[in-house]
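Trainee: Dropping in structure_27.cif, with mmCIF, C-alpha atoms.
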data_target
loop_
_atom_site.label_atom_id
_atom_site.label_comp_id
_atom_site.auth_asym_id
_atom_site.auth_seq_id
_atom_site.Cartn_x
_atom_site.Cartn_y
_atom_site.Cartn_z
CA MET A 1 -2.71 -12.81 -18.14
CA ALA A 2 -3.61 -10.93 -14.96
CA HIS A 3 -5.06 -7.42 -14.66
CA VAL A 4 -3.07 -5.56 -12.02
CA LEU A 5 -3.48 -2.07 -10.55
CA ILE A 6 -0.45 -0.43 -8.93
CA THR A 7 -0.98 2.77 -6.96
CA GLY A 8 1.71 5.43 -6.80
CA SER A 9 3.36 4.09 -9.93
CA ALA A 10 4.50 7.24 -11.75
CA ASP A 11 8.06 6.47 -10.66
CA GLY A 12 10.10 4.40 -8.21
CA LEU A 13 9.19 0.87 -7.21
CA GLY A 14 5.63 1.19 -8.48
CA LEU A 15 6.76 1.98 -12.00
CA MET A 16 9.44 -0.71 -11.82
CA ALA A 17 6.84 -3.30 -10.77
CA GLY A 18 4.61 -2.14 -13.63
CA ARG A 19 7.41 -2.50 -16.13
CA LEU A 20 8.22 -5.98 -14.80
CA LEU A 21 4.62 -7.17 -14.99
CA ALA A 22 3.99 -5.65 -18.42
CA GLY A 23 7.13 -7.37 -19.66
CA GLN A 24 5.66 -10.67 -18.47
CA GLY A 25 2.54 -10.06 -20.57
CA HIS A 26 0.18 -8.88 -17.83
CA ALA A 27 -2.28 -6.02 -18.25
CA VAL A 28 -1.03 -3.26 -15.98
CA THR A 29 -2.91 -0.17 -14.86
CA LEU A 30 -0.75 2.50 -13.27
CA HIS A 31 -1.70 5.47 -11.12
CA ALA A 32 -0.41 9.04 -10.92
CA ARG A 33 -1.23 11.91 -8.61
CA ASP A 34 -2.05 14.45 -11.35
CA THR A 35 -2.41 14.75 -15.11
CA ALA A 36 1.16 15.92 -15.70
CA ARG A 37 2.60 12.91 -13.91
CA ALA A 38 0.10 10.67 -15.70
CA ALA A 39 1.32 11.94 -19.09
CA HIS A 40 4.90 11.26 -18.06
CA THR A 41 3.95 7.77 -16.87
CA ARG A 42 2.26 6.93 -20.17
CA ALA A 43 5.38 8.11 -22.00
CA VAL A 44 7.84 6.04 -19.97
CA LEU A 45 5.70 2.88 -19.94
CA PRO A 46 3.55 2.87 -23.09
CA ALA A 47 2.85 -0.84 -22.56
CA ALA A 48 0.62 0.06 -19.59
CA GLU A 49 -3.05 -0.52 -20.31
CA ASN A 50 -4.22 2.58 -18.45
CA VAL A 51 -3.16 5.28 -15.99
CA LEU A 52 -5.60 6.39 -13.30
CA VAL A 53 -5.31 9.94 -12.00
CA GLY A 54 -6.07 11.09 -8.48
CA ASP A 55 -4.47 12.51 -5.35
CA LEU A 56 -4.49 9.92 -2.58
CA GLY A 57 -3.87 12.70 -0.08
CA SER A 58 -7.59 13.38 0.27
CA LEU A 59 -10.61 11.17 0.87
CA ASP A 60 -12.33 12.53 -2.24
CA GLY A 61 -9.21 11.79 -4.28
CA ILE A 62 -9.10 8.22 -2.99
CA ARG A 63 -12.78 7.76 -3.79
CA SER A 64 -12.19 9.10 -7.29
CA VAL A 65 -9.40 6.60 -7.92
CA ALA A 66 -11.61 3.78 -6.64
CA ALA A 67 -14.40 4.84 -8.99
CA GLN A 68 -12.00 5.02 -11.95
CA ALA A 69 -10.67 1.58 -11.08
CA ASP A 70 -14.13 0.05 -11.01
CA ALA A 71 -15.04 1.78 -14.27
CA ALA A 72 -12.00 0.12 -15.86
CA GLY A 73 -13.19 -3.33 -14.81
CA ARG A 74 -12.33 -5.80 -12.09
CA PHE A 75 -8.65 -6.25 -11.25
CA ASP A 76 -7.12 -9.61 -10.39
CA ALA A 77 -4.62 -7.92 -8.08
CA VAL A 78 -3.99 -4.54 -6.49
CA ILE A 79 -0.53 -3.50 -5.32
CA HIS A 80 -0.88 -0.75 -2.71
CA ASN A 81 2.44 0.91 -3.47
CA ALA A 82 1.72 4.64 -3.00
CA GLY A 83 3.45 6.15 -0.01
CA ILE A 84 5.09 9.15 1.63
CA GLY A 85 8.55 8.55 3.06
CA TYR A 86 10.29 8.93 6.38
CA ARG A 87 12.01 12.26 5.79
CA GLU A 88 8.98 14.56 6.02
CA PRO A 89 10.15 17.60 8.05
CA ARG A 90 6.72 18.61 9.32
CA ARG A 91 3.17 17.40 9.70
CA VAL A 92 1.09 18.29 6.64
CA GLU A 93 -2.65 18.44 7.20
CA THR A 94 -5.02 17.41 4.43
CA VAL A 95 -8.27 19.09 3.43
CA ASP A 96 -9.95 16.48 5.64
CA GLY A 97 -7.97 17.64 8.70
CA LEU A 98 -5.86 14.46 8.76
CA SER A 99 -2.15 13.75 8.57
CA GLN A 100 -1.16 13.56 4.92
CA LEU A 101 1.34 10.79 5.62
CA PHE A 102 -1.29 8.68 7.40
CA THR A 103 -3.84 9.38 4.68
CA VAL A 104 -1.61 8.28 1.80
CA ASN A 105 0.15 5.42 3.57
CA VAL A 106 -2.76 3.91 5.51
CA LEU A 107 -6.17 5.33 4.66
CA ALA A 108 -5.64 5.09 0.90
CA PRO A 109 -5.04 1.32 0.87
CA TYR A 110 -7.85 0.82 3.37
CA LEU A 111 -10.45 2.91 1.51
CA LEU A 112 -9.50 1.65 -1.97
CA THR A 113 -9.83 -1.90 -0.67
CA ALA A 114 -13.19 -1.16 0.94
CA LEU A 115 -14.62 0.58 -2.14
CA MET A 116 -13.25 -1.30 -5.15
CA THR A 117 -14.65 -4.48 -6.60
CA ARG A 118 -12.82 -7.14 -4.65
CA PRO A 119 -9.70 -8.52 -6.38
CA ASP A 120 -8.22 -11.95 -5.87
CA ARG A 121 -5.02 -10.56 -4.39
CA LEU A 122 -3.91 -7.56 -2.37
CA VAL A 123 -0.29 -6.59 -1.81
CA HIS A 124 0.56 -3.93 0.76
CA LEU A 125 3.95 -2.22 0.64
CA SER A 126 5.45 -1.98 4.10
CA SER A 127 9.05 -1.38 5.21
CA GLY A 128 11.72 -2.73 7.50
CA MET A 129 11.11 0.42 9.54
CA ALA A 130 7.78 -1.11 10.61
CA ARG A 131 9.78 -2.90 13.30
CA GLY A 132 10.18 0.44 15.02
CA GLY A 133 6.51 1.29 14.60
CA ASP A 134 3.90 1.75 17.31
CA ALA A 135 0.37 0.44 16.77
CA ASP A 136 -1.12 2.77 19.40
CA LEU A 137 -4.18 4.56 18.02
CA SER A 138 -4.40 7.28 20.66
CA ASP A 139 -2.89 9.87 18.27
CA PRO A 140 -2.14 8.35 14.84
CA GLN A 141 -2.72 11.76 13.22
CA TRP A 142 0.10 13.35 15.23
CA ALA A 143 -2.28 16.15 16.19
CA ASP A 144 -1.19 16.25 19.85
CA ARG A 145 2.47 15.26 19.58
CA ARG A 146 5.59 16.96 18.33
CA TRP A 147 6.10 15.74 14.78
CA ASN A 148 8.67 13.01 14.15
CA GLY A 149 8.67 12.06 10.47
CA ALA A 150 10.65 8.86 10.87
CA GLN A 151 8.40 7.61 13.67
CA ALA A 152 5.22 8.59 11.84
CA TYR A 153 6.46 6.67 8.79
CA SER A 154 7.43 3.63 10.89
CA ASP A 155 4.00 3.63 12.51
CA SER A 156 2.28 3.83 9.11
CA LYS A 157 4.28 0.91 7.74
CA LEU A 158 3.35 -1.18 10.79
CA PHE A 159 -0.27 -0.19 10.18
CA ASP A 160 0.10 -1.44 6.59
CA ILE A 161 1.02 -4.89 7.90
CA LEU A 162 -1.96 -4.75 10.26
CA LEU A 163 -4.19 -3.90 7.30
CA ALA A 164 -2.84 -6.75 5.20
CA LEU A 165 -3.25 -9.30 7.98
CA GLY A 166 -6.61 -7.93 9.12
CA VAL A 167 -8.07 -8.07 5.63
CA ALA A 168 -6.68 -11.60 5.22
CA ARG A 169 -8.66 -12.66 8.30
CA HIS A 170 -11.91 -10.98 7.27
CA TRP A 171 -11.68 -11.89 3.58
CA PRO A 172 -10.36 -15.46 3.46
CA ASP A 173 -11.16 -15.65 -0.25
CA VAL A 174 -8.58 -12.91 -1.00
CA LEU A 175 -4.81 -13.40 -0.80
CA SER A 176 -3.72 -10.38 1.26
CA ASN A 177 -0.03 -10.03 2.12
CA SER A 178 2.54 -7.36 2.94
CA VAL A 179 6.04 -6.77 1.59
CA GLU A 180 9.14 -4.97 2.70
CA PRO A 181 11.03 -4.29 -0.53
CA GLY A 182 14.30 -3.30 1.12
CA TRP A 183 15.96 0.08 1.52
CA VAL A 184 16.61 0.88 -2.12
CA ALA A 185 17.77 3.97 -3.98
CA THR A 186 14.47 5.40 -5.16
CA ARG A 187 13.41 9.02 -4.69
CA MET A 188 11.89 7.96 -1.37
CA GLY A 189 14.80 5.79 -0.26
CA GLY A 190 17.51 8.28 -1.16
CA PRO A 191 20.74 7.87 -3.16
CA GLY A 192 22.65 6.19 -0.34
CA ALA A 193 20.23 3.29 0.16
CA PRO A 194 22.26 0.06 0.40
CA ASP A 195 19.90 -2.65 -0.89
CA ASP A 196 19.65 -4.03 -4.44
CA LEU A 197 17.29 -1.80 -6.43
CA ASP A 198 16.68 -4.50 -9.04
CA LEU A 199 15.16 -6.73 -6.35
CA GLY A 200 12.93 -3.95 -5.00
CA PRO A 201 9.87 -4.61 -7.20
CA VAL A 202 10.20 -8.37 -7.58
CA THR A 203 8.34 -9.68 -4.54
CA GLN A 204 5.24 -7.52 -4.91
CA ALA A 205 4.97 -8.38 -8.60
CA TRP A 206 5.42 -12.08 -7.79
CA LEU A 207 2.74 -12.00 -5.08
CA ALA A 208 0.35 -10.24 -7.47
CA VAL A 209 0.43 -12.82 -10.25
CA SER A 210 2.43 -15.95 -9.49
CA GLU A 211 0.84 -19.37 -9.16
CA ASP A 212 3.85 -20.67 -7.23
CA ALA A 213 2.67 -22.36 -4.05
CA ALA A 214 4.94 -20.05 -2.04
CA ALA A 215 3.07 -17.01 -3.39
CA HIS A 216 -0.39 -18.53 -3.07
CA VAL A 217 -0.73 -17.74 0.64
CA THR A 218 -2.46 -15.08 2.70
CA GLY A 219 -1.84 -13.17 5.91
CA ARG A 220 1.94 -13.32 5.48
CA HIS A 221 4.78 -10.81 5.30
CA PHE A 222 7.58 -11.10 2.73
CA HIS A 223 11.05 -9.84 1.93
CA HIS A 224 12.73 -10.95 -1.31
CA GLN A 225 10.16 -13.72 -1.88
CA GLU A 226 10.76 -15.21 1.56
CA GLN A 227 8.36 -15.04 4.47
CA ARG A 228 9.61 -12.85 7.29
CA PRO A 229 8.35 -12.57 10.90
CA VAL A 230 6.41 -9.44 11.80
CA PRO A 231 6.30 -7.41 15.03
CA ALA A 232 4.05 -8.94 17.67
CA ALA A 233 1.62 -6.02 17.38
CA ALA A 234 0.93 -6.94 13.75
CA ARG A 235 -0.27 -10.41 14.78
CA ASP A 236 -2.61 -9.03 17.43
CA THR A 237 -6.10 -9.52 16.03
CA THR A 238 -7.50 -6.95 18.45
CA ALA A 239 -5.04 -4.37 17.10
CA GLN A 240 -5.91 -5.35 13.51
CA ASP A 241 -9.61 -4.86 14.11
CA ALA A 242 -9.02 -1.62 16.03
CA LEU A 243 -7.21 -0.19 13.00
CA LEU A 244 -9.90 -1.37 10.59
CA ASP A 245 -12.57 0.19 12.80
CA TYR A 246 -10.59 3.43 13.10
CA CYS A 247 -10.22 3.69 9.31
CA ALA A 248 -13.92 2.91 8.88
CA ASP A 249 -14.84 5.70 11.28
CA LEU A 250 -12.56 8.23 9.54
CA THR A 251 -13.81 7.40 6.06
CA GLY A 252 -17.43 6.50 6.80
CA THR A 253 -16.81 3.29 4.86
CA PRO A 254 -16.64 -0.03 6.71
CA LEU A 255 -14.87 -3.02 5.26
CA ARG A 256 -17.52 -5.21 3.68
CA ALA A 257 -18.20 -8.65 5.09
CA SER A 258 -16.58 -11.67 3.48
CA ARG A 259 -18.37 -13.14 0.51
#
Would you mind writing the structure in this file as structure tokens?

Mentor:
Amino acid sequence: MAHVLITGSADGLGLMAGRLLAGQGHAVTLHARDTARAAHTRAVLPAAENVLVGDLGSLDGIRSVAAQADAAGRFDAVIHNAGIGYREPRRVETVDGLSQLFTVNVLAPYLLTALMTRPDRLVHLSSGMARGGDADLSDPQWADRRWNGAQAYSDSKLFDILLALGVARHWPDVLSNSVEPGWVATRMGGPGAPDDLDLGPVTQAWLAVSEDAAAHVTGRHFHHQEQRPVPAAARDTTAQDALLDYCADLTGTPLRASR
């Protein structure tokens, strides 16, 4: 039995992955943005061991979730599922003066990883839209550009692959991979999404707990349990380290050295 934390799991693919893992006998801890959503989450998946509460749209909220996670005990795997989608009509600024989309999609997985007791496995949720992303860090907060929600989302999902591969390099004792679950009909994906919803949570759950040789790898990117090539920028170790350093500067929390 593995202990698995899934962020952003009050609904959608996060909740589906939690239900799948709990059904396999694993101890699942879910996460919700606020107490009302947490109560709903407990009601729809009573098999979950725990539900952490905290808004990943602020640095203090992320730190609170990390502290709750550590108080609950060490996790074998963390699935960084929480995310804001591609249809945001405007730039929303957080209390920290940052882009909310960047904070939830990129800073949250970075800071949780940097703060929490190190798990054996990390799974970062990316997207096929990462192929249209830009790894340029000259204005990742969209403070000086006209807002484009789809591009900001694509950039963030490319950054998630960079995080997964960068952490895999710096922490060789942790299996760190990224996943594109497909364009599926969740609240984020929309009702017209064409891919198979039932397959949406499978790969991230498999990477979190499976002892299959195919899942026991690191620094890879997956779609439907098959490795998939990533954009060239994601393989650029200079770009990986630049993103890690940028996140460290924003949060005041560097990624700890490998054990």

Trainee: For the file shown, what are the residues hit by the PyMOL selection byres ((chain A and resi 241) around 12), laid out as a ChimeraX atom specification?

Mentor: /A:135,137,159,162-170,233-240,242-248,254-255

Trainee: Just checking: using only C-alpha atoms, which residue out of A:Ala72, A:Val174, A:Met1, A:Leu158 ends up closest to A:His26?

Mentor: A:Met1

Trainee: Between A:His40, A:His80, A:His124, A:Arg63, which one has atoms that come closest to A:Asp160, using only C-alpha atoms?

Mentor: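 Nearest to A:Asp160: A:His124.
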
Trainee: Just want the 12 Å neighbourhood of A:Arg118, counted on only C-alpha atoms, with same-chain residues fewer than 3 positions away dropped. Output as a short mmCIF file (atom, residue, chain, number, x, y, z; two decimals) with C-alpha atoms, keeping the file's coordinate frame.

Mentor:
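Output file part-v9.cif is given in full below:
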data_model
loop_
_atom_site.label_atom_id
_atom_site.label_comp_id
_atom_site.auth_asym_id
_atom_site.auth_seq_id
_atom_site.Cartn_x
_atom_site.Cartn_y
_atom_site.Cartn_z
CA ALA A 66 -11.61 3.78 -6.64
CA ALA A 69 -10.67 1.58 -11.08
CA ASP A 70 -14.13 0.05 -11.01
CA GLY A 73 -13.19 -3.33 -14.81
CA ARG A 74 -12.33 -5.80 -12.09
CA PHE A 75 -8.65 -6.25 -11.25
CA ASP A 76 -7.12 -9.61 -10.39
CA ALA A 77 -4.62 -7.92 -8.08
CA VAL A 78 -3.99 -4.54 -6.49
CA LEU A 112 -9.50 1.65 -1.97
CA THR A 113 -9.83 -1.90 -0.67
CA ALA A 114 -13.19 -1.16 0.94
CA LEU A 115 -14.62 0.58 -2.14
CA ARG A 121 -5.02 -10.56 -4.39
CA LEU A 122 -3.91 -7.56 -2.37
CA VAL A 167 -8.07 -8.07 5.63
CA TRP A 171 -11.68 -11.89 3.58
CA PRO A 172 -10.36 -15.46 3.46
CA ASP A 173 -11.16 -15.65 -0.25
CA VAL A 174 -8.58 -12.91 -1.00
CA LEU A 175 -4.81 -13.40 -0.80
CA SER A 176 -3.72 -10.38 1.26
CA LEU A 255 -14.87 -3.02 5.26
CA ARG A 256 -17.52 -5.21 3.68
CA ALA A 257 -18.20 -8.65 5.09
CA SER A 258 -16.58 -11.67 3.48
CA ARG A 259 -18.37 -13.14 0.51
#

Trainee: So how many Å separate atom CA of A:Gly83 and atom CA of A:Gly25, to one decimal?

Mentor: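 Taking atom CA of A:Gly83 and atom CA of A:Gly25, their separation equals 26.2 Å.
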
Trainee: Expanded to explicit residues, what is the PyMOL selection byres ((chain A and resi 98) around 12) for this file, as a PyMOL selection string?

Mentor: chain A and resi 57-59+91-97+99-104+106-107+139-143+247+250-251

Trainee: Grab the atom CA of A:Asp249 to atom CA of A:Thr117 distance for me, in Å with one decimal place.

Mentor: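 According to the coordinates, atom CA of A:Asp249 and atom CA of A:Thr117 are separated by 20.6 Å.
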